[in-house]
file data34.txt (compact mmCIF, C-alpha atoms)
# COMPACT_ATOMS: atom_id res chain seq x y z
CA MET A 28 -44.90 37.74 2.14
CA ILE A 29 -43.87 34.19 2.99
CA ASN A 30 -42.71 31.99 0.11
CA ILE A 31 -44.69 28.96 1.27
CA LYS A 32 -44.01 27.09 -1.98
CA GLN A 33 -40.24 27.43 -1.57
CA LEU A 34 -40.41 26.23 2.02
CA LEU A 35 -42.48 23.17 1.08
CA ILE A 36 -40.12 22.29 -1.78
CA THR A 37 -37.11 22.51 0.56
CA ASN A 38 -38.70 20.23 3.14
CA CYS A 39 -39.80 17.74 0.48
CA LEU A 40 -36.28 17.68 -0.95
CA ILE A 41 -34.81 16.95 2.46
CA THR A 42 -37.33 14.16 3.07
CA LEU A 43 -36.73 12.56 -0.33
CA ILE A 44 -32.94 12.59 0.09
CA PHE A 45 -33.05 10.93 3.49
CA THR A 46 -35.68 8.42 2.35
CA PHE A 47 -33.45 7.49 -0.61
CA SER A 48 -30.43 7.15 1.65
CA PHE A 49 -32.10 4.69 3.97
CA SER A 50 -33.30 2.61 0.99
CA GLN A 51 -29.68 1.87 -0.05
CA ASP A 52 -27.68 -1.17 1.03
CA THR A 53 -25.72 -0.83 4.25
CA LEU A 54 -21.97 -1.30 3.82
CA SER A 55 -20.39 -2.51 7.06
CA LEU A 56 -16.75 -1.84 7.87
CA ILE A 57 -15.96 -5.58 7.81
CA LYS A 58 -17.49 -5.91 4.35
CA ALA A 59 -15.54 -2.88 3.11
CA ILE A 60 -12.30 -4.42 4.41
CA ASP A 61 -13.09 -7.74 2.70
CA ILE A 62 -13.71 -5.94 -0.61
CA ALA A 63 -10.45 -3.99 -0.27
CA LEU A 64 -8.45 -7.15 0.46
CA GLU A 65 -9.84 -8.75 -2.67
CA ASN A 66 -9.90 -5.84 -5.11
CA ASN A 67 -7.37 -3.17 -4.12
CA TYR A 68 -4.80 -2.85 -6.89
CA GLY A 69 -1.93 -2.03 -4.53
CA ILE A 70 -2.52 -5.23 -2.55
CA VAL A 71 -2.87 -7.34 -5.71
CA ILE A 72 0.40 -5.93 -7.12
CA ALA A 73 2.24 -6.50 -3.81
CA ARG A 74 1.02 -10.11 -3.78
CA LYS A 75 2.35 -10.65 -7.30
CA GLN A 76 5.72 -9.19 -6.30
CA LEU A 77 5.84 -11.64 -3.40
CA ASP A 78 5.01 -14.48 -5.81
CA ILE A 79 8.02 -13.47 -7.91
CA SER A 80 10.27 -13.46 -4.81
CA GLU A 81 9.05 -16.92 -3.83
CA ILE A 82 9.63 -18.28 -7.35
CA ASN A 83 13.18 -16.88 -7.44
CA ASN A 84 14.07 -18.26 -4.01
CA HIS A 85 15.44 -21.69 -4.96
CA PRO A 86 18.91 -23.30 -5.03
CA GLY A 87 19.25 -23.08 -8.79
CA ALA A 88 18.93 -19.29 -8.78
CA ALA A 89 21.70 -19.19 -6.16
CA GLY A 90 24.04 -21.23 -8.39
CA MET A 91 24.00 -24.39 -6.25
CA LEU A 92 22.78 -26.78 -8.93
CA PRO A 93 24.61 -28.07 -12.01
CA LYS A 94 23.75 -27.04 -15.54
CA VAL A 95 23.11 -29.72 -18.13
CA GLY A 96 22.79 -29.05 -21.85
CA ILE A 97 22.42 -31.00 -25.08
CA THR A 98 23.88 -29.91 -28.42
CA GLY A 99 23.43 -31.32 -31.90
CA THR A 100 24.50 -30.25 -35.37
CA ARG A 101 24.00 -31.67 -38.86
CA ASN A 102 26.01 -30.27 -41.80
CA TYR A 103 26.00 -30.93 -45.55
CA GLN A 104 28.61 -29.69 -48.02
CA VAL A 105 29.02 -29.88 -51.81
CA ASN A 106 32.51 -28.87 -53.07
CA ASP A 107 34.54 -28.91 -56.28
CA THR A 108 37.83 -30.47 -55.09
CA HIS A 109 41.34 -30.44 -56.60
CA GLN A 110 43.96 -32.46 -54.72
CA GLU A 111 47.68 -32.90 -55.55
CA TYR A 112 49.64 -35.62 -53.71
CA TYR A 113 53.43 -35.80 -53.04
CA ASP A 114 53.71 -38.87 -55.24
CA GLY A 115 52.46 -36.85 -58.21
CA ARG A 116 48.93 -37.99 -58.30
CA ILE A 117 46.26 -35.44 -59.05
CA ARG A 118 42.64 -35.91 -58.19
CA ASP A 119 39.76 -33.72 -59.27
CA SER A 120 36.21 -34.20 -58.07
CA ASP A 121 33.26 -32.10 -59.10
CA LYS A 122 30.35 -31.66 -56.70
CA ALA A 123 31.87 -33.90 -54.04
CA LYS A 124 29.48 -34.39 -51.17
CA SER A 125 30.30 -34.57 -47.47
CA SER A 126 28.22 -34.59 -44.31
CA SER A 127 28.77 -34.57 -40.58
CA PHE A 128 26.66 -35.16 -37.51
CA ASN A 129 27.66 -34.14 -34.00
CA THR A 130 25.73 -34.46 -30.76
CA GLY A 131 26.53 -34.48 -27.10
CA ILE A 132 25.45 -33.77 -23.55
CA GLN A 133 27.44 -31.57 -21.22
CA LEU A 134 27.34 -31.00 -17.45
CA ASN A 135 28.93 -28.02 -15.71
CA TRP A 136 28.88 -27.66 -11.96
CA THR A 137 30.54 -25.06 -9.77
CA ILE A 138 31.76 -27.00 -6.75
CA PHE A 139 33.29 -24.09 -4.87
CA ASP A 140 32.94 -20.34 -5.50
CA GLY A 141 34.14 -18.86 -2.24
CA PHE A 142 30.79 -19.67 -0.52
CA ASN A 143 29.06 -17.21 -2.85
CA MET A 144 26.27 -19.66 -3.71
CA PHE A 145 25.27 -19.88 -0.04
CA ILE A 146 25.42 -16.10 0.25
CA GLN A 147 23.16 -15.77 -2.81
CA LYS A 148 20.68 -18.21 -1.25
CA ASP A 149 20.63 -16.09 1.93
CA LYS A 150 20.00 -12.99 -0.20
CA LEU A 151 17.09 -14.69 -1.93
CA GLU A 152 15.66 -15.55 1.49
CA GLU A 153 15.98 -11.93 2.58
CA LEU A 154 14.36 -10.72 -0.64
CA GLN A 155 11.43 -13.04 0.00
CA TYR A 156 11.16 -11.66 3.55
CA LEU A 157 11.28 -8.19 2.04
CA GLY A 158 8.40 -9.07 -0.29
CA GLU A 159 6.39 -10.42 2.65
CA SER A 160 7.11 -7.26 4.64
CA GLN A 161 6.11 -5.01 1.74
CA LEU A 162 2.91 -6.98 1.19
CA ARG A 163 2.06 -6.68 4.85
CA ALA A 164 2.81 -2.96 4.83
CA THR A 165 0.62 -2.49 1.74
CA ILE A 166 -2.25 -4.45 3.27
CA GLU A 167 -2.07 -2.64 6.60
CA SER A 168 -1.76 0.83 5.10
CA THR A 169 -4.65 0.12 2.72
CA LEU A 170 -6.84 -1.14 5.56
CA ALA A 171 -5.98 1.96 7.57
CA GLU A 172 -7.03 4.13 4.62
CA VAL A 173 -10.27 2.18 4.29
CA ILE A 174 -11.06 2.52 8.01
CA ILE A 175 -10.34 6.25 8.03
CA ALA A 176 -12.32 6.78 4.81
CA TYR A 177 -15.22 4.74 6.19
CA PHE A 178 -15.52 6.75 9.40
CA ASP A 179 -15.02 9.95 7.44
CA ILE A 180 -18.29 9.04 5.71
CA VAL A 181 -19.91 8.34 9.08
CA ILE A 182 -18.86 11.78 10.34
CA GLN A 183 -19.89 13.50 7.11
CA LYS A 184 -23.28 11.82 7.35
CA LYS A 185 -23.68 12.99 10.94
CA MET A 186 -22.71 16.50 9.85
CA VAL A 187 -25.42 16.32 7.19
CA ASN A 188 -27.87 15.59 10.01
CA VAL A 189 -26.50 18.52 12.02
CA TYR A 190 -26.96 20.94 9.13
CA HIS A 191 -30.32 19.39 8.33
CA GLU A 192 -31.36 20.16 11.89
CA SER A 193 -30.07 23.70 11.45
CA VAL A 194 -32.14 24.11 8.28
CA ASN A 195 -35.26 22.92 10.12
CA ILE A 196 -34.61 25.34 13.00
CA SER A 197 -34.11 28.24 10.62
CA ALA A 198 -37.22 27.28 8.66
CA GLU A 199 -39.29 27.28 11.86
CA ARG A 200 -37.80 30.62 12.82
CA LYS A 201 -38.69 32.09 9.42
CA LYS A 202 -42.18 30.68 9.70
CA PHE A 203 -42.57 32.21 13.16
CA ALA A 204 -41.21 35.59 11.99
CA ALA A 205 -43.64 35.56 9.06
CA ALA A 206 -46.58 34.82 11.36
CA ARG A 207 -45.62 37.68 13.69
CA LEU A 208 -45.21 40.01 10.72
CA LYS A 209 -48.64 39.05 9.46
CA VAL A 210 -50.37 39.92 12.74
CA GLY A 211 -48.39 43.13 13.10
CA SER A 212 -46.31 42.15 16.14
CA GLY A 213 -43.09 41.50 14.19
CA SER A 214 -40.82 43.43 11.89
CA GLU A 215 -39.84 42.96 8.29
CA LEU A 216 -36.19 43.11 9.38
CA SER A 217 -36.64 39.99 11.54
CA PHE A 218 -38.33 38.18 8.67
CA LEU A 219 -35.59 39.13 6.22
CA GLN A 220 -32.87 38.12 8.69
CA ALA A 221 -34.58 34.75 9.21
CA SER A 222 -34.77 34.30 5.41
CA VAL A 223 -31.06 35.08 5.01
CA ASP A 224 -30.14 32.63 7.78
CA LEU A 225 -32.32 29.91 6.24
CA ASN A 226 -30.67 30.39 2.86
CA ALA A 227 -27.21 30.30 4.46
CA ASP A 228 -28.04 27.11 6.37
CA SER A 229 -29.49 25.53 3.23
CA ALA A 230 -26.33 26.34 1.29
CA THR A 231 -24.18 24.83 4.04
CA TRP A 232 -26.37 21.73 4.08
CA ILE A 233 -26.11 21.34 0.29
CA GLY A 234 -22.33 21.73 0.50
CA GLN A 235 -22.21 19.05 3.19
CA LEU A 236 -24.20 16.69 0.97
CA MET A 237 -21.55 17.19 -1.71
CA ALA A 238 -18.79 16.49 0.83
CA LEU A 239 -20.56 13.27 1.83
CA ASP A 240 -20.83 12.20 -1.80
CA ASN A 241 -17.12 12.91 -2.35
CA SER A 242 -16.23 10.85 0.72
CA LYS A 243 -18.23 7.91 -0.63
CA ALA A 244 -16.46 8.21 -3.98
CA ASN A 245 -13.12 8.11 -2.17
CA LEU A 246 -14.05 4.90 -0.34
CA ASN A 247 -15.23 3.32 -3.60
CA ARG A 248 -11.85 4.25 -5.09
CA LEU A 249 -10.03 2.45 -2.28
CA LEU A 250 -12.29 -0.57 -2.81
CA CYS A 251 -11.46 -0.42 -6.56
CA ARG A 252 -15.07 -0.44 -7.66
CA ASP A 253 -17.35 1.94 -9.55
CA ILE A 254 -17.21 5.27 -7.72
CA SER A 255 -20.90 5.85 -8.49
CA ILE A 256 -22.03 2.87 -6.39
CA THR A 257 -24.36 4.15 -3.67
CA PHE A 258 -24.43 2.80 -0.14
CA VAL A 259 -24.96 3.83 3.46
CA THR A 260 -22.64 3.17 6.37
CA GLU A 261 -23.21 2.21 9.95
CA ASN A 262 -23.81 5.09 12.35
CA ASP A 263 -21.61 4.14 15.31
CA ILE A 264 -17.98 5.15 15.78
CA PRO A 265 -16.48 2.58 18.18
CA LEU A 266 -13.47 3.97 20.03
CA ARG A 267 -10.84 2.07 21.98
CA THR A 268 -9.82 3.54 25.30
CA ASP A 269 -7.41 0.78 26.36
CA LEU A 270 -4.35 1.64 24.27
CA ILE A 271 -1.15 1.90 26.35
CA TYR A 272 1.90 3.75 25.05
CA GLU A 273 4.55 1.34 26.40
CA THR A 274 2.78 -1.68 24.91
CA LEU A 275 2.44 0.04 21.56
CA LEU A 276 6.10 1.10 21.58
CA HIS A 277 7.25 -2.47 22.22
CA LYS A 278 5.20 -3.75 19.29
CA VAL A 279 6.38 -0.94 17.01
CA LEU A 280 10.03 -1.83 17.63
CA GLU A 281 9.24 -5.52 17.15
CA VAL A 282 6.91 -5.85 14.17
CA ASN A 283 6.52 -2.51 12.40
CA PRO A 284 6.82 -3.15 8.63
CA GLU A 285 8.93 -0.02 8.02
CA LEU A 286 11.43 -1.10 10.63
CA THR A 287 11.34 -4.68 9.38
CA THR A 288 12.14 -3.47 5.88
CA ALA A 289 15.04 -1.35 7.17
CA ARG A 290 16.44 -4.37 9.04
CA ILE A 291 16.17 -6.55 5.94
CA ASN A 292 18.03 -3.92 3.94
CA LEU A 293 20.73 -3.95 6.63
CA ASN A 294 21.01 -7.74 6.33
CA LEU A 295 21.28 -7.45 2.54
CA ALA A 296 24.06 -4.88 2.94
CA SER A 297 25.94 -7.29 5.23
CA LEU A 298 25.52 -10.09 2.69
CA ASN A 299 26.89 -7.81 -0.02
CA ILE A 300 30.15 -7.59 1.97
CA LYS A 301 30.35 -11.39 2.14
CA GLU A 302 29.53 -11.63 -1.55
CA THR A 303 32.39 -9.30 -2.44
CA ARG A 304 34.81 -11.15 -0.15
CA SER A 305 33.97 -14.41 -1.93
CA GLU A 306 35.87 -13.09 -4.95
CA ILE A 307 39.10 -13.55 -2.99
CA TYR A 308 38.74 -17.35 -2.97
CA PRO A 309 39.50 -19.70 -5.88
CA ARG A 310 36.79 -21.19 -8.11
CA ILE A 311 36.54 -24.92 -8.72
CA ASN A 312 34.34 -26.21 -11.51
CA PHE A 313 33.51 -29.77 -12.52
CA SER A 314 32.59 -30.57 -16.08
CA SER A 315 31.58 -33.74 -17.81
CA GLY A 316 30.11 -34.74 -21.13
CA TYR A 317 29.29 -37.48 -23.59
CA SER A 318 29.57 -36.92 -27.34
CA PHE A 319 29.02 -38.65 -30.67
CA ASN A 320 30.60 -37.42 -33.92
CA SER A 321 30.14 -38.91 -37.40
CA SER A 322 31.30 -37.67 -40.83
CA LEU A 323 31.11 -38.95 -44.44
CA SER A 324 33.09 -37.61 -47.39
CA GLU A 325 33.41 -38.57 -51.05
CA VAL A 326 36.95 -37.17 -51.23
CA GLY A 327 39.84 -36.91 -48.82
CA LEU A 328 41.89 -39.39 -46.81
CA LEU A 329 38.90 -40.77 -44.90
CA HIS A 330 35.61 -41.87 -46.34
CA SER A 331 33.96 -42.01 -42.92
CA ASN A 332 34.88 -41.16 -39.38
CA ARG A 333 33.01 -41.82 -36.14
CA ASN A 334 33.86 -40.94 -32.52
CA LEU A 335 31.91 -41.90 -29.40
CA GLY A 336 32.96 -41.25 -25.80
CA TYR A 337 32.82 -39.17 -22.64
CA ILE A 338 34.96 -36.59 -20.92
CA ALA A 339 35.27 -35.36 -17.33
CA GLY A 340 37.49 -32.84 -15.65
CA LEU A 341 38.10 -30.24 -12.97
CA SER A 342 39.15 -26.65 -13.46
CA LEU A 343 40.49 -24.18 -10.92
CA THR A 344 40.76 -20.43 -11.34
CA TYR A 345 42.31 -18.06 -8.87
CA ASN A 346 42.70 -14.32 -9.31
CA ILE A 347 46.09 -13.46 -7.82
CA PHE A 348 45.90 -9.70 -8.41
CA ASP A 349 43.02 -7.64 -9.83
CA GLY A 350 44.38 -4.13 -9.38
CA LEU A 351 42.96 -3.87 -5.81
CA ASN A 352 39.43 -3.72 -7.22
CA THR A 353 38.07 -6.37 -4.83
CA ARG A 354 39.52 -4.50 -1.89
CA LYS A 355 37.80 -1.30 -3.02
CA LYS A 356 34.52 -3.17 -3.49
CA ILE A 357 34.73 -4.48 0.08
CA GLN A 358 35.38 -0.97 1.42
CA THR A 359 32.40 0.36 -0.54
CA ALA A 360 30.16 -2.46 0.71
CA LYS A 361 31.16 -1.71 4.31
CA ILE A 362 30.24 1.95 3.87
CA ARG A 363 26.85 0.93 2.49
CA GLU A 364 26.33 -1.42 5.43
CA GLU A 365 27.05 1.42 7.85
CA SER A 366 24.62 3.66 5.96
CA ALA A 367 21.95 0.95 6.19
CA ARG A 368 22.60 0.65 9.94
CA LEU A 369 22.20 4.41 10.37
CA GLU A 370 18.99 4.34 8.31
CA THR A 371 17.64 1.60 10.58
CA GLN A 372 18.42 3.68 13.65
CA GLN A 373 16.85 6.74 12.03
CA THR A 374 13.73 4.72 11.23
CA GLU A 375 13.46 3.66 14.88
CA ILE A 376 13.71 7.27 16.05
CA ASP A 377 11.17 8.45 13.48
CA LEU A 378 8.71 5.73 14.46
CA GLN A 379 9.06 6.52 18.16
CA THR A 380 8.49 10.21 17.44
CA ARG A 381 5.42 9.49 15.31
CA LEU A 382 4.06 7.12 17.92
CA LYS A 383 4.46 9.71 20.68
CA ARG A 384 2.84 12.47 18.63
CA ILE A 385 -0.10 10.31 17.52
CA PHE A 386 -0.60 8.93 21.03
CA ASN A 387 -0.76 12.48 22.37
CA ASP A 388 -3.43 13.26 19.76
CA TYR A 389 -5.27 10.12 20.78
CA GLU A 390 -5.30 10.97 24.50
CA THR A 391 -6.13 14.62 23.84
CA ASN A 392 -9.14 13.78 21.70
CA LEU A 393 -10.38 11.23 24.22
CA ARG A 394 -10.46 14.03 26.79
CA LEU A 395 -12.02 16.42 24.29
CA ILE A 396 -14.81 13.94 23.59
CA GLN A 397 -15.73 13.90 27.27
CA LEU A 398 -15.60 17.69 27.41
CA GLU A 399 -17.55 18.22 24.19
CA THR A 400 -20.18 15.68 25.24
CA GLU A 401 -20.95 17.77 28.31
CA ASN A 402 -20.65 21.00 26.33
CA LEU A 403 -23.08 19.74 23.67
CA SER A 404 -25.64 18.86 26.32
CA LEU A 405 -25.34 22.35 27.78
CA ALA A 406 -25.55 23.97 24.34
CA LYS A 407 -28.76 22.10 23.49
CA ARG A 408 -30.30 23.06 26.81
CA ASN A 409 -29.21 26.66 26.30
CA TYR A 410 -30.84 26.76 22.86
CA SER A 411 -34.05 25.25 24.20
CA ILE A 412 -34.28 28.04 26.79
CA ALA A 413 -33.38 30.71 24.22
CA GLU A 414 -36.03 29.42 21.82
CA GLU A 415 -38.73 29.67 24.46
CA LYS A 416 -37.62 33.19 25.37
CA PHE A 417 -37.68 34.15 21.69
CA ARG A 418 -41.27 32.99 21.36
CA LEU A 419 -42.13 35.10 24.41
CA GLY A 420 -40.32 38.09 22.92
CA ALA A 421 -37.70 38.21 25.70
CA ILE A 422 -34.72 38.02 23.30
CA THR A 423 -34.13 39.12 19.71
CA ASP A 424 -33.77 36.90 16.67
CA ILE A 425 -30.06 37.81 16.52
CA GLU A 426 -29.55 36.45 20.03
CA LEU A 427 -31.46 33.29 19.10
CA ARG A 428 -29.31 32.88 16.00
CA GLU A 429 -26.15 33.23 18.08
CA THR A 430 -27.40 30.53 20.46
CA GLN A 431 -28.25 28.30 17.50
CA ASN A 432 -24.74 28.77 16.05
CA LYS A 433 -23.19 27.84 19.37
CA MET A 434 -25.19 24.62 19.45
CA MET A 435 -24.18 23.79 15.87
CA ASP A 436 -20.54 24.54 16.69
CA ALA A 437 -20.71 22.29 19.76
CA GLU A 438 -22.09 19.42 17.67
CA SER A 439 -19.41 19.96 15.02
CA ARG A 440 -16.60 19.98 17.60
CA PHE A 441 -17.97 16.84 19.23
CA LEU A 442 -18.07 14.96 15.92
CA LEU A 443 -14.65 16.28 14.89
CA SER A 444 -13.16 15.08 18.19
CA GLN A 445 -14.63 11.63 17.58
CA TYR A 446 -13.21 11.48 14.08
CA ARG A 447 -9.76 12.71 15.10
CA CYS A 448 -9.67 10.19 17.92
CA LYS A 449 -10.59 7.39 15.51
CA VAL A 450 -7.91 8.50 13.05
CA ALA A 451 -5.28 8.57 15.81
CA GLU A 452 -6.42 5.16 17.06
CA THR A 453 -6.14 3.70 13.55
CA GLU A 454 -2.68 5.18 13.02
CA LEU A 455 -1.50 3.78 16.37
CA LEU A 456 -2.73 0.33 15.42
CA LEU A 457 -1.07 0.70 12.01
CA LEU A 458 2.29 1.60 13.53
CA SER A 459 2.14 -1.27 16.04
CA GLY A 460 1.04 -3.88 13.50
CA GLU A 461 -2.31 -4.52 15.20
CA ILE A 462 -4.62 -3.22 12.51
call {"tool": "encode", "arguments": {"input": "data34.txt", "output": "C-alpha cells"}}
result
Amino acid sequence: MINIKQLLITNCLITLIFTFSFSQDTLSLIKAIDIALENNYGIVIARKQLDISEINNHPGAAGMLPKVGITGTRNYQVNDTHQEYYDGRIRDSDKAKSSSFNTGIQLNWTIFDGFNMFIQKDKLEELQYLGESQLRATIESTLAEVIIAYFDIVIQKKMVNVYHESVNISAERKKFAAARLKVGSGSELSFLQASVDLNADSATWIGQLMALDNSKANLNRLLCRDISITFVTENDIPLRTDLIYETLLHKVLEVNPELTTARINLNLASLNIKETRSEIYPRINFSSGYSFNSSLSEVGLLHSNRNLGYIAGLSLTYNIFDGLNTRKKIQTAKIREESARLETQQTEIDLQTRLKRIFNDYETNLRLIQLETENLSLAKRNYSIAEEKFRLGAITDIELRETQNKMMDAESRFLLSQYRCKVAETELLLLSGEI
C-alpha cells in the first residue's frame, strides 16, 4: 500500500526548504570580497605588520640621527665630620649639611660607521617592501579562497537541485508503480524497488543539503562573521576562456608575491654582507654637551662651588685585529646569500611548474565542459525516451533507474567540470597577480 502521507510530507519539506532559501538575502561575489577585505583577520594582521614596518623605516632607526639627552641630579648629605689639619688644628662638626646640584645636556652623533647606517636604511626599505609583499600575498590568497568557497556554494546548490530532481523522478516512479500494482498490472517487486530508490535519493539529497550548509559556514568563516548567517548566492559561474600561458608566465615571473618575497630575502642577504664588511672600517663619533654643577657644604675647604660650561670632542675607534671573527662573519654571510639565490631560483622553477600544471587543468576542464554539455543533453533526451517506454511497459524499472542514474551522473560531471575550471582559473589569476 502506498504511504501517501510520507510522500506528501517529503514534497512539502522540499517546497518549504526552497521557499525559505529564496527568501534570504542574496550575497554577491563582489559583496563577499568587500566583506573579506574589511573583516578577514589574516588581512587585518598583515596590514598591522606593514604599519610596523613603515613606522620603523626612518633615518633614526638606521642610526643616522644624533642622540640628545638631559641629565639632572640633586643630592643632600648630613655627616658627622672630624678633620685634622697639618698645622695641628682639629675641627669637629656634628650633623654637617652639604648639597649638590648637577645638570647638563649631551649630544652624541656617529659621523662615520663604515657606511653601516646607510646599509641599515636600505634594510629597513627592504623590510617595508617585504611587508607590502606579504600583505599583498595575504589579500590575494584570501580573495582566492573566498572566490573558490563562493563558487563551491554555487555548485553545491546546483547539486541540491540535481538531487531534488532525482527525488521527484523517483517519487513519480513510485507513484506510477503503486498505481500499476493497484490495478493488478504491476508487481510488488517493482513497487518495493521504487520505494528503495526513492529513499536512497532522499538520503543523498539530505546529505547534499548538509554539504551546502557546511560550504556556507566555510564562507562565513573566511568573511569572519557569524557562521550561522544565512544567505543565497548567485547562480551563474562565469568562466574566462581568454587566458594565455605565455602571458601568465611573464606576469608570474614579474609580480608573483612568492617570488617577490624571495627576491627581497636575497637583497637582505646581500645587505648583510655589506653590514658585516662595515665592521672593518673605523668609527668616528662626535660628542658635545653643556653642564652646570653647584655644591654647598658646611665643612671642608670650600663652602660653595659652581661650574658652568660646554664640551665638544671627536672620538675614533678602529679594531685592528678581532681574531678573524669579521672575516668569518663575511664568509658566513656570503654562504647565506648564495642560499637565498638558490631559493629564489627554486621558487621560480616551482612557480613555473605549478603554473603549467594548473593551466593544463584549466584547458582540460574547458574541453570537458563542452563535452559534458553535449553529453548532458543526450542523457536528458535518453531519459525522456526511457521514461515513455517505461510507461508503455517496453522496459523494466531497473532499466529506467539505470537511465536515470546516467542522467544524474552527467549533470554531476558537468557541474564538477565547471567548478574545477573555475578553481584552476582562480589559481592562475592568483599566481599571476591578476586576482
call {"tool": "atom_distance", "arguments": {"input": "data34.txt", "atom1": "CA of Ile70 in chain A", "atom2": "CA of Leu162 in chain A"}}
result
6.8 Å
call {"tool": "atom_distance", "arguments": {"input": "data34.txt", "atom1": "CA of Ile271 in chain A", "atom2": "CA of Glu285 in chain A"}}
result
21.0 Å
call {"tool": "residues_around", "arguments": {"input": "data34.txt", "residues": "range 394-399 of chain A", "least_positions_apart": "3", "cutoff": "6 Å", "atoms": "only C-alpha atoms", "output": "list in words"}}
result
Thr391, Asn402, Leu403, Phe441 and Ser444 of chain A
call {"tool": "closest_residue", "arguments": {"input": "data34.txt", "among": "A:Glu401, A:Asp228, A:Glu192, A:Glu375", "to": "His277 in chain A", "atoms": "all atoms listed in the file"}}
result
A:Glu375
call {"tool": "atom_distance", "arguments": {"input": "data34.txt", "atom1": "CA of Gly158 in chain A", "atom2": "CA of Thr359 in chain A"}}
result
25.8 Å
call {"tool": "closest_residue", "arguments": {"input": "data34.txt", "among": "A:Gly69, A:Gly87, A:Gly213, A:Gly141", "to": "Leu250 in chain A", "atoms": "all atoms listed in the file"}}
result
A:Gly69
call {"tool": "closest_residue", "arguments": {"input": "data34.txt", "among": "A:Thr288, A:Ser242, A:Asn66, A:Asn352", "to": "Ile166 in chain A", "atoms": "only C-alpha atoms"}}
result
A:Asn66
call {"tool": "closest_residue", "arguments": {"input": "data34.txt", "among": "A:Ile291, A:Ala413, A:Leu270, A:Leu443", "to": "Ser459 in chain A", "atoms": "all atoms listed in the file"}}
result
A:Leu270
call {"tool": "residues_around", "arguments": {"input": "data34.txt", "residues": "Ser120 in chain A", "least_positions_apart": "4", "cutoff": "7 Å", "atoms": "all atoms listed in the file", "output": "MDAnalysis selection string"}}
result
chainID A and resid 107:109
call {"tool": "closest_residue", "arguments": {"input": "data34.txt", "among": "A:Asn129, A:Gln183, A:Thr380, A:Thr423", "to": "Gly234 in chain A", "atoms": "only C-alpha atoms"}}
result
A:Gln183
call {"tool": "closest_residue", "arguments": {"input": "data34.txt", "among": "A:His191, A:Arg267, A:Arg101, A:Arg207", "to": "Leu419 in chain A", "atoms": "only C-alpha atoms"}}
result
A:Arg207
call {"tool": "residues_around", "arguments": {"input": "data34.txt", "residues": "Asn245 in chain A", "least_positions_apart": "4", "cutoff": "8 Å", "atoms": "all atoms listed in the file", "output": "ChimeraX atom specification"}}
result
/A:176,241,249,254
call {"tool": "residues_around", "arguments": {"input": "data34.txt", "residues": "range 310-325 of chain A", "least_positions_apart": "5", "cutoff": "7 Å", "atoms": "only C-alpha atoms", "output": "ChimeraX atom specification"}}
result
/A:123-141,330-345
call {"tool": "decode", "arguments": {"input": "data34.txt", "residues": "range 127-131 of chain A", "atoms": "all heavy atoms", "output": "PDB file, in the first residue's frame"}}
result
ATOM      1  N   SER A 127      74.370  69.193  46.607  1.00  0.00           N
ATOM      2  CA  SER A 127      74.928  69.395  45.268  1.00  0.00           C
ATOM      3  C   SER A 127      73.815  69.293  44.229  1.00  0.00           C
ATOM      4  O   SER A 127      72.822  68.583  44.430  1.00  0.00           O
ATOM      5  CB  SER A 127      76.019  68.367  44.966  1.00  0.00           C
ATOM      6  OG  SER A 127      75.475  67.054  44.937  1.00  0.00           O
ATOM      7  N   PHE A 128      74.012  70.021  43.172  1.00  0.00           N
ATOM      8  CA  PHE A 128      73.051  70.005  42.056  1.00  0.00           C
ATOM      9  C   PHE A 128      73.834  69.972  40.757  1.00  0.00           C
ATOM     10  O   PHE A 128      74.726  70.802  40.532  1.00  0.00           O
ATOM     11  CB  PHE A 128      72.161  71.252  42.114  1.00  0.00           C
ATOM     12  CG  PHE A 128      71.247  71.360  40.921  1.00  0.00           C
ATOM     13  CD1 PHE A 128      70.163  70.506  40.764  1.00  0.00           C
ATOM     14  CD2 PHE A 128      71.495  72.316  39.936  1.00  0.00           C
ATOM     15  CE1 PHE A 128      69.334  70.619  39.668  1.00  0.00           C
ATOM     16  CE2 PHE A 128      70.669  72.422  38.841  1.00  0.00           C
ATOM     17  CZ  PHE A 128      69.570  71.573  38.701  1.00  0.00           C
ATOM     18  N   ASN A 129      73.530  68.996  39.936  1.00  0.00           N
ATOM     19  CA  ASN A 129      74.210  68.828  38.643  1.00  0.00           C
ATOM     20  C   ASN A 129      73.175  68.651  37.544  1.00  0.00           C
ATOM     21  O   ASN A 129      72.216  67.893  37.697  1.00  0.00           O
ATOM     22  CB  ASN A 129      75.129  67.598  38.662  1.00  0.00           C
ATOM     23  CG  ASN A 129      76.134  67.647  39.788  1.00  0.00           C
ATOM     24  OD1 ASN A 129      76.838  68.623  39.946  1.00  0.00           O
ATOM     25  ND2 ASN A 129      76.176  66.577  40.585  1.00  0.00           N
ATOM     26  N   THR A 130      73.372  69.320  36.447  1.00  0.00           N
ATOM     27  CA  THR A 130      72.502  69.147  35.285  1.00  0.00           C
ATOM     28  C   THR A 130      73.309  69.393  34.026  1.00  0.00           C
ATOM     29  O   THR A 130      74.360  70.058  34.051  1.00  0.00           O
ATOM     30  CB  THR A 130      71.298  70.118  35.336  1.00  0.00           C
ATOM     31  OG1 THR A 130      70.408  69.819  34.254  1.00  0.00           O
ATOM     32  CG2 THR A 130      71.754  71.571  35.202  1.00  0.00           C
ATOM     33  N   GLY A 131      72.811  68.827  32.939  1.00  0.00           N
ATOM     34  CA  GLY A 131      73.524  69.004  31.681  1.00  0.00           C
ATOM     35  C   GLY A 131      72.773  68.425  30.510  1.00  0.00           C
ATOM     36  O   GLY A 131      71.810  67.660  30.671  1.00  0.00           O
TER      37      GLY A 131
END
